[in-house]
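Data first, discussion second: the structure below is written as structure tokens.
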Amino acid sequence: MADPVLHLEGLRKRYGSADTEYEVLHGIDLRLERGEFAALIGPSGSGKSTLLNLIGLLDRPSAGRLVIDGAETATLDDTALTRLRGERIGFVFQHHHLIPAFSAEENVAMPLLIARGRPDAAMFERAGELLGRVGLADRRRQLANRLSGGQQQRVAIARALAMSPALVLADEPTGNLDTHSADEVFALLREVNRQLGTSFLIVTHDPRLAHRCDRIIELVDGRIVSDRPTEVAAGRSPVEGSAEETE
Amino acid sequence: MKSWMPFEWIAALRFLQEGRMQSLLIIVGVGVGVAVIVFMSALLSGLQANLVRRTLSSQAHIVLLPAEEVARPQVAGEGALNRVQKQAQRLRSIDQWQQLRARLEGWPEIAAVSPVASGPAFAVRGDASKAVTLLGIEPAGYNRVVDLAGRLAAGALRVGAGETVIGIELAKDLGAEVGDKLRLTGAEGQAETLTVTGLFDLGNKGVNARNVYVGLRTGQTLLDLVGGVSNIDLALHDLDEAEDVAQRIAAESGLIADSWIRTNAQFVTALTSQRVSSDVIRFFIALSVSFGIASVLVVSVVQRSKEIGILRAMGATQAQMRRIFLLQGGIVGFLGSLLGSALAWSFLMLWRMLARNPDGTPLFDIGVEPALVAIAAGGASVVGILAALLPARRAARLDPVVAIRG
């Protein structure tokens, strides 16, 4: 079998200096295979965001191994990490985080533009195609801050897919949306996962959404306390809002 | 999105475009600074060029004089007279001036060589008698040293036998006009009656009242310098080289060589200190402009920290972020300098309209040189980039985690 898309071994994160040091993550071991669609849940302060930042190469672990799509990250310098992040990882944030000065299309093309240095026609073709996929083909030229919340989040998803990343990290992607938009956005993520085989790791507070993923990883006080497949993974179609616990 | 622009340029321009009010204010700020600098520079160089031109309108760049005669005691040493009286200097000719002239005409730095026989004389007309400086010249050569022909107020520059050209002040004092006669008497008693053929105005009252131009021959006769010249006047291609060239001539010929820089030492010092003080003012304007740019960009980094974080998350490197903000500084500086040059140009037009001589001619000639605008544009861009160094570093060092969360 191919390398896992994500492989963590004994990952630790400590903050503060010698005498006031405290550890947020106490040795995380985790494997995420290609095409997996996993939820990361846990109470506030359990270390979910810290873990996501480490996996997203936005922050460095204090100890342990972090392998992204077959690449060891411990020895990479900042520029190499940035490049790896740009190429292999897509981000979807809770607050869409589009760049308001640019249009929907330009926001989607942005990772390609950053990677290639200069704009080209292929880039915008790809952006248009991705916007079509998320159902916003007619909003290509609209400035990002003129779109509704749900639309902005869909643009953000299109942007996360621009570089055809191996892994998309989504931090509360629907946390800011009403139920209807949230369902739409979630369905879109699922669809991308099934059609393109992109792996997803989704941080969520919403048990309803978590149960529509393939796998639920639960983090409490910096440790993984449970890691189990859901009914969806077992092949049964999820029942909206009433998925049973499988333990 | 223009297809030829690199990512950093696109982002820098969009950020400036989005913060429209901020960008506009700082560009105007830079523009005013640049305008003052350009205006001041143009005004100052115009003023100084004008002052130098006026000063040199009646002067040669270098004047060569015979070496002073020195009295030497015949007996030296113990018991000898130890007080030597200084010798009075009499009017003498430069030795072998024809050869010297031919040699100097070969120097590339020298534009014109004009032998002059000059000395004291009296101008008499009727009851009026004036002490004057008599200058015997070769008009063709002399004109290239002092533009006499161009400064004639009346008549023509003709100094043949029996002809003279005098200043307008002297003409007034003597009540003479073109065509009138006057009598010139040299120190040794030689006298000649001459016809006034022209009146000059060299812009200097003293010169206009004192100088009397005659032909070289006439001058030599009146001053008892037959065949000789008392000094050689030189014009150079480059004014600033005068002192240097003068010293070389003095070393080579043994003559006294006075450059205009030496004879007008106080004037030159005044010009220099004027230039220095304007440099100081310009430096501080540039400094305050750069602080303005820096402060706007620092605020912009704070305002855009979230966007910086997102760009970093999407793969933008620290170097790319740094360049985006350096470019913003450079662009603000460049646009400000264009605005500033346009402003300076309008100031100068206004100045030209307002600052006039009583007769309506411009007080002096100033203009914005293209080179000055190019220097201002280049300089302001560099200042903008320098001012952006600190903000750009902050942008590059921003922790994306903190930036995105904040």
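Lettering and numbering for the structure tokens are positional, with chains as A, B, ... in the shown order, residues counted from 1 in each chain, and ligands counted from 1 in the shown order.
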Val36 of chain B environment, 9 Å, only C-alpha atoms, sequence neighbours closer than 3 positions dropped, as a PyMOL selection string: chain B and resi 31-33+39-41+282+285+340+343-344
Export of the given selection (N, CA and C atoms) as a compact mmCIF listing (two decimals), in the first residue's frame:
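Output contents, as saved in part_0.txt:
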# COMPACT_ATOMS: atom_id res chain seq x y z
N GLY B 31 4.33 63.34 -2.30
CA GLY B 31 4.33 64.31 -3.39
C GLY B 31 4.71 65.70 -2.92
N VAL B 32 4.14 66.12 -1.78
CA VAL B 32 4.45 67.46 -1.27
C VAL B 32 5.94 67.55 -0.91
N GLY B 33 6.44 66.50 -0.26
CA GLY B 33 7.86 66.48 0.09
C GLY B 33 8.74 66.58 -1.14
N PHE B 39 11.44 71.77 -6.18
CA PHE B 39 11.29 73.22 -6.33
C PHE B 39 12.51 73.94 -5.76
N MET B 40 12.89 73.50 -4.55
CA MET B 40 14.04 74.14 -3.92
C MET B 40 15.31 73.96 -4.75
N SER B 41 15.49 72.73 -5.25
CA SER B 41 16.69 72.46 -6.03
C SER B 41 16.72 73.30 -7.29
N ARG B 282 16.90 69.34 2.54
CA ARG B 282 16.41 68.26 1.69
C ARG B 282 16.50 66.91 2.39
N ILE B 285 13.70 66.62 4.87
CA ILE B 285 12.41 66.38 4.20
C ILE B 285 12.31 64.91 3.79
N GLY B 340 4.82 64.89 -7.10
CA GLY B 340 5.66 65.97 -6.58
C GLY B 340 6.31 66.77 -7.71
N LEU B 343 3.77 68.97 -9.23
CA LEU B 343 3.52 70.11 -8.32
C LEU B 343 4.64 71.13 -8.43
N ALA B 344 5.87 70.63 -8.40
CA ALA B 344 7.03 71.53 -8.45
C ALA B 344 7.01 72.33 -9.75
Give one line per residue of chain B that approaches chain A to at most 6 Å, naming the two atoms of the closest pair and their distance in Å to one decimal, counting only C-alpha atoms; sort by chain then ascending residue number and deliver it as JSON lines.
{"residue": "B:Ser3", "atom": "CA", "partner": "A:Pro119", "partner_atom": "CA", "distance": 5.4}
{"residue": "B:Pro6", "atom": "CA", "partner": "A:Arg118", "partner_atom": "CA", "distance": 4.5}
{"residue": "B:Phe7", "atom": "CA", "partner": "A:Gly117", "partner_atom": "CA", "distance": 5.2}
{"residue": "B:Glu18", "atom": "CA", "partner": "A:Ala101", "partner_atom": "CA", "distance": 5.9}
{"residue": "B:Met314", "atom": "CA", "partner": "A:Gly86", "partner_atom": "CA", "distance": 5.1}
{"residue": "B:Gly315", "atom": "CA", "partner": "A:Gly86", "partner_atom": "CA", "distance": 3.8}
{"residue": "B:Ala316", "atom": "CA", "partner": "A:Ile114", "partner_atom": "CA", "distance": 5.8}
Backbone-only DSSP, helix (DSSP H, G or I) members of segment 99-345 of chain B, as a ChimeraX atom specification: /B:99-105,139-143,149-151,168-174,205-210,216-222,239-253,260-263,265-303,305-313,318-345
12 Å contact set for His61 of chain B, only C-alpha atoms, chain neighbours under 4 positions out, as JSON, numbers by chain: {"B": [52, 53, 55, 56, 57, 109, 110, 111, 112, 113, 114, 144, 145, 146, 232, 233, 234, 235, 236, 237, 238, 239, 240, 241, 242, 243, 244, 245, 246, 257, 258, 259, 260, 261, 262, 263, 264]}
Please produce an output containing N, CA and C atoms for each residue in the selection, written as a JSON list (two decimals), in the first residue's frame.
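Contents of out07.json, freshly written:
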[["chain", "number", "residue", "atom", "x", "y", "z"],
["B", 52, "VAL", "N", 26.24, 83.49, -10.34],
["B", 52, "VAL", "CA", 27.57, 83.27, -10.89],
["B", 52, "VAL", "C", 27.70, 83.97, -12.24],
["B", 53, "ARG", "N", 26.63, 83.86, -13.04],
["B", 53, "ARG", "CA", 26.70, 84.47, -14.36],
["B", 53, "ARG", "C", 26.85, 85.99, -14.24],
["B", 55, "THR", "N", 28.05, 87.62, -11.68],
["B", 55, "THR", "CA", 29.37, 87.94, -11.13],
["B", 55, "THR", "C", 30.44, 87.87, -12.21],
["B", 56, "LEU", "N", 30.32, 86.86, -13.06],
["B", 56, "LEU", "CA", 31.36, 86.64, -14.05],
["B", 56, "LEU", "C", 31.10, 87.41, -15.35],
["B", 57, "SER", "N", 30.01, 88.17, -15.38],
["B", 57, "SER", "CA", 29.70, 88.86, -16.62],
["B", 57, "SER", "C", 30.76, 89.92, -16.93],
["B", 109, "GLU", "N", 41.24, 72.71, -21.68],
["B", 109, "GLU", "CA", 40.31, 73.27, -20.69],
["B", 109, "GLU", "C", 39.96, 74.72, -21.01],
["B", 110, "ILE", "N", 40.82, 75.37, -21.80],
["B", 110, "ILE", "CA", 40.69, 76.81, -21.99],
["B", 110, "ILE", "C", 39.86, 77.12, -23.22],
["B", 111, "ALA", "N", 38.87, 77.95, -23.03],
["B", 111, "ALA", "CA", 37.95, 78.26, -24.13],
["B", 111, "ALA", "C", 38.42, 79.49, -24.91],
["B", 112, "ALA", "N", 39.01, 80.45, -24.21],
["B", 112, "ALA", "CA", 39.42, 81.67, -24.89],
["B", 112, "ALA", "C", 40.59, 82.31, -24.16],
["B", 113, "VAL", "N", 41.49, 82.92, -24.92],
["B", 113, "VAL", "CA", 42.64, 83.62, -24.34],
["B", 113, "VAL", "C", 42.61, 85.04, -24.88],
["B", 114, "SER", "N", 42.64, 86.01, -23.96],
["B", 114, "SER", "CA", 42.54, 87.39, -24.42],
["B", 114, "SER", "C", 43.57, 88.26, -23.72],
["B", 144, "ARG", "N", 34.88, 86.65, -26.00],
["B", 144, "ARG", "CA", 34.65, 85.27, -25.57],
["B", 144, "ARG", "C", 34.94, 85.11, -24.08],
["B", 145, "VAL", "N", 35.60, 86.10, -23.48],
["B", 145, "VAL", "CA", 35.85, 86.08, -22.05],
["B", 145, "VAL", "C", 34.75, 86.85, -21.31],
["B", 146, "VAL", "N", 34.50, 88.06, -21.75],
["B", 146, "VAL", "CA", 33.42, 88.87, -21.19],
["B", 146, "VAL", "C", 32.51, 89.26, -22.36],
["B", 232, "ILE", "N", 46.67, 88.63, -19.01],
["B", 232, "ILE", "CA", 45.98, 87.80, -20.00],
["B", 232, "ILE", "C", 44.74, 87.25, -19.33],
["B", 233, "ASP", "N", 43.59, 87.48, -19.94],
["B", 233, "ASP", "CA", 42.32, 86.99, -19.38],
["B", 233, "ASP", "C", 41.97, 85.67, -20.06],
["B", 234, "LEU", "N", 41.48, 84.72, -19.26],
["B", 234, "LEU", "CA", 41.13, 83.40, -19.80],
["B", 234, "LEU", "C", 39.67, 83.08, -19.51],
["B", 235, "ALA", "N", 39.02, 82.39, -20.44],
["B", 235, "ALA", "CA", 37.71, 81.79, -20.17],
["B", 235, "ALA", "C", 37.87, 80.29, -20.26],
["B", 236, "LEU", "N", 37.19, 79.57, -19.36],
["B", 236, "LEU", "CA", 37.30, 78.11, -19.33],
["B", 236, "LEU", "C", 35.99, 77.49, -19.78],
["B", 237, "HIS", "N", 36.05, 76.21, -20.14],
["B", 237, "HIS", "CA", 34.81, 75.49, -20.48],
["B", 237, "HIS", "C", 34.05, 75.16, -19.21],
["B", 238, "ASP", "N", 34.81, 74.81, -18.15],
["B", 238, "ASP", "CA", 34.15, 74.42, -16.90],
["B", 238, "ASP", "C", 34.59, 75.37, -15.79],
["B", 239, "LEU", "N", 33.61, 76.15, -15.30],
["B", 239, "LEU", "CA", 33.88, 77.16, -14.27],
["B", 239, "LEU", "C", 34.54, 76.59, -13.03],
["B", 240, "ASP", "N", 34.08, 75.38, -12.66],
["B", 240, "ASP", "CA", 34.52, 74.82, -11.39],
["B", 240, "ASP", "C", 35.99, 74.41, -11.41],
["B", 241, "GLU", "N", 36.56, 74.29, -12.61],
["B", 241, "GLU", "CA", 37.96, 73.88, -12.70],
["B", 241, "GLU", "C", 38.91, 75.06, -12.53],
["B", 242, "ALA", "N", 38.37, 76.27, -12.42],
["B", 242, "ALA", "CA", 39.19, 77.48, -12.51],
["B", 242, "ALA", "C", 40.40, 77.46, -11.58],
["B", 243, "GLU", "N", 40.18, 77.12, -10.30],
["B", 243, "GLU", "CA", 41.28, 77.19, -9.35],
["B", 243, "GLU", "C", 42.38, 76.18, -9.71],
["B", 244, "ASP", "N", 41.93, 75.01, -10.12],
["B", 244, "ASP", "CA", 42.86, 73.95, -10.48],
["B", 244, "ASP", "C", 43.73, 74.35, -11.68],
["B", 245, "VAL", "N", 43.06, 74.84, -12.72],
["B", 245, "VAL", "CA", 43.77, 75.25, -13.93],
["B", 245, "VAL", "C", 44.71, 76.42, -13.61],
["B", 246, "ALA", "N", 44.24, 77.36, -12.78],
["B", 246, "ALA", "CA", 45.05, 78.53, -12.43],
["B", 246, "ALA", "C", 46.35, 78.09, -11.78],
["B", 257, "ALA", "N", 48.45, 83.66, -11.25],
["B", 257, "ALA", "CA", 47.21, 83.28, -11.91],
["B", 257, "ALA", "C", 46.09, 83.34, -10.88],
["B", 258, "ASP", "N", 45.18, 84.32, -11.03],
["B", 258, "ASP", "CA", 44.07, 84.46, -10.09],
["B", 258, "ASP", "C", 42.80, 83.90, -10.71],
["B", 259, "SER", "N", 42.22, 82.89, -10.06],
["B", 259, "SER", "CA", 40.96, 82.35, -10.57],
["B", 259, "SER", "C", 39.82, 83.14, -9.96],
["B", 260, "TRP", "N", 38.67, 83.09, -10.62],
["B", 260, "TRP", "CA", 37.50, 83.81, -10.07],
["B", 260, "TRP", "C", 37.12, 83.26, -8.72],
["B", 261, "ILE", "N", 37.42, 81.98, -8.49],
["B", 261, "ILE", "CA", 37.06, 81.37, -7.20],
["B", 261, "ILE", "C", 37.86, 82.04, -6.08],
["B", 262, "ARG", "N", 39.14, 82.35, -6.38],
["B", 262, "ARG", "CA", 39.97, 83.00, -5.37],
["B", 262, "ARG", "C", 39.60, 84.47, -5.22],
["B", 263, "THR", "N", 39.40, 85.15, -6.33],
["B", 263, "THR", "CA", 39.12, 86.59, -6.22],
["B", 263, "THR", "C", 37.74, 86.86, -5.64],
["B", 264, "ASN", "N", 36.83, 85.86, -5.71],
["B", 264, "ASN", "CA", 35.49, 86.04, -5.14],
["B", 264, "ASN", "C", 35.28, 85.07, -3.99]]
Neighbour list for Asp95 of chain B as an MDAnalysis selection string, cut-off 9 Å, only C-alpha atoms, skip fewer than 4 positions in-chain: chainID B and resid 66 100 228:229
Nearest to Val165 of chain B, chosen from B:Pro120, B:Gly179, B:Gly126, B:Gly336, with only C-alpha atoms counted in the distances: B:Gly179
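Distances here use only C-alpha atoms; by that measure, the residue among A:Arg65, A:Lys13, A:His7, A:Arg126 closest to Lys48 of chain A is A:Lys13.
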Between atom CA of Arg101 of chain B and atom CA of Gly167 of chain B - distance in Å to one decimal: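 Separating atom CA of Gly167 of chain B from atom CA of Arg101 of chain B is a distance of 27.8 Å.
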Strand (DSSP E or B) residues, from DSSP on the backbone, in segment 107-211 of chain A, as an MDAnalysis selection string: chainID A and resid 143 167:171 199:203
Surrounding residues of Thr230 of chain A excluding itself and chain neighbours under 6 positions, 7 Å, only C-alpha atoms, as a VMD selection string: chain A and resid 211 213 to 216 246
Glu169 of chain B surroundings by only C-alpha atoms, 6 Å radius, close-in-sequence under 2 positions cut, as a ChimeraX atom specification: /B:167,171-172,208-209
Residue neighbourhood segment 198-204 of chain A, 10 Å, only C-alpha atoms, exclusion window fewer than 2 positions, as number ranges by chain: A: 5-6, 32-43, 48-49, 52, 55, 89-94, 161, 164-175, 189-196, 206-210, 213-218
Computed interatomic separation between atom CA of Leu219 of chain A and atom CA of Glu23 of chain A (Å): 14.2 Å
Nearest to Thr272 of chain B by atom-to-atom distance, counting only C-alpha atoms, from B:Ser23, B:Gln328, B:Asn211, B:Gln48: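 Among B:Ser23, B:Gln328, B:Asn211, B:Gln48, it is B:Gln48 that comes nearest to Thr272 of chain B.
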